[in-house]
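*Asks:* This is the structure I want to talk about, given as structure tokens.
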Amino acid sequence: MRTLQSLVLLGFLLVTPLGARAFCGDGVTDGGEQCDTAGPSASCDFDCTFPSCGDGVPNTAAGEQCDTAGASSYCDANCTIASCGDGTVNNAAGEACDDGGTSATCDVDCTFPVCGDGLPNPSAGEQCDDGNQSPDDGCTPQCVCSACQPQAPAFPGWAAMVAAAMLLAGTALAMRWRSASEA
């Protein structure tokens, strides 16, 4: 009987070394772990919790570009890299607005449109914006163009037509000169 007890004890020691404990990253879900895939995966964070945008644990395998548990100067609340023009307003990154580009309510630099800020915004009704309040420089303090030249009418291909006419005229002259010299 003692031999059987010794064999059982020896087998236990071989299978489970004394003091061995389950740990996150061993590939076995146990203890307080939600998951354990032996490293970050699309279904498990490196701390053995399920991935969730906003949990403060970045997991690129789960589609997160960053995760700072909310918006930060470099990460949007949706776990994408903060960038003016991405369509996501991020006050922590200095954005007052973000419409994905210039709009009636947002300048291209993600600030609100203000006449005199140096950012012309036709969507907000600005014809010009030279960044100052001087009325005598072609752009009024109300961002109305006072010295704008009328635009030439758009006529597609006019330059090509002029070039072709000049080429034909040059060819006709060359032909006349050649025939006159042969005679």
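By order of appearance in the structure tokens: chains A, B, ..., then residues from 1 within every chain, and ligands from 1 in the order shown.
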Using only C-alpha atoms, what table do you get, as a Markdown table, when you list each residue of range 42-94 of chain A with an atom no more than 6 Å from range 99-115 of chain A, its nearest pair of atoms, and their distance in Å rounded to one decimal, rows by chain then rising number?
*Replies:*
```
| residue | atom | partner | partner_atom | distance |
| --- | --- | --- | --- | --- |
| A:Cys84 | CA | A:Cys110 | CA | 6.0 |
| A:Gly85 | CA | A:Gly100 | CA | 4.0 |
| A:Asp86 | CA | A:Gly100 | CA | 5.3 |
| A:Gly87 | CA | A:Gly100 | CA | 4.3 |
```
*Asks:* Do a neighbour search on range 125-134 of chain A at 12 Å with only C-alpha atoms, toss out local chain neighbours closer than 2 positions, and write the hits as an MDAnalysis selection string.
*Replies:* chainID A and resid 102:107 113:123 136:148
*Asks:* For range 73-78 of chain A, please output as a JSON list (two decimals) with C-alpha atoms, in the first residue's frame all residues within 12 Å (counting only C-alpha atoms; exclusion window: fewer than 6 positions along the same chain).
*Replies:*
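Output contents, as saved in result.json:
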```
[["chain", "number", "residue", "atom", "x", "y", "z"],
["A", 52, "SER", "CA", -12.59, 45.83, -26.02],
["A", 53, "CYS", "CA", -11.83, 49.27, -27.44],
["A", 54, "GLY", "CA", -11.49, 51.64, -24.51],
["A", 55, "ASP", "CA", -10.14, 49.11, -22.00],
["A", 56, "GLY", "CA", -6.67, 50.69, -22.09],
["A", 58, "PRO", "CA", -3.95, 48.03, -27.11],
["A", 63, "GLY", "CA", -8.16, 45.78, -34.97],
["A", 64, "GLU", "CA", -7.12, 48.47, -32.48],
["A", 65, "GLN", "CA", -4.49, 50.95, -33.69],
["A", 66, "CYS", "CA", -4.17, 52.31, -30.14],
["A", 67, "ASP", "CA", -6.12, 52.16, -26.89],
["A", 84, "CYS", "CA", -7.28, 65.95, -38.27],
["A", 86, "ASP", "CA", -10.41, 61.57, -40.07],
["A", 87, "GLY", "CA", -13.99, 62.62, -39.32],
["A", 88, "THR", "CA", -13.69, 61.97, -35.56],
["A", 89, "VAL", "CA", -13.61, 65.00, -33.25],
["A", 90, "ASN", "CA", -10.84, 64.60, -30.67],
["A", 91, "ASN", "CA", -10.63, 67.56, -28.26],
["A", 92, "ALA", "CA", -7.60, 66.01, -26.51],
["A", 93, "ALA", "CA", -5.73, 66.23, -29.84],
["A", 94, "GLY", "CA", -6.68, 69.92, -30.19],
["A", 95, "GLU", "CA", -9.56, 69.45, -32.63],
["A", 98, "ASP", "CA", -13.54, 67.35, -37.71]]
```
*Asks:* Give me the residues near Cys48 in chain A as an MDAnalysis selection string, where near means some atom within 6 Å (using only C-alpha atoms) and where sequence neighbours in that chain fewer than 4 positions away do not count.
*Replies:* chainID A and resid 24 33:36 44
*Asks:* Interatomic distance between CA of Thr80 in chain A and CA of Asn59 in chain A?
*Replies:*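 Result for CA of Thr80 in chain A versus CA of Asn59 in chain A: 11.4 Å, one decimal.
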*Asks:* Give the answer as one residue: which of A:Ser72, A:Ser83, A:Thr49, A:Ser43 has the shortest atom-to-atom distance to Gly31 in chain A, using only C-alpha atoms?
*Replies:* A:Thr49
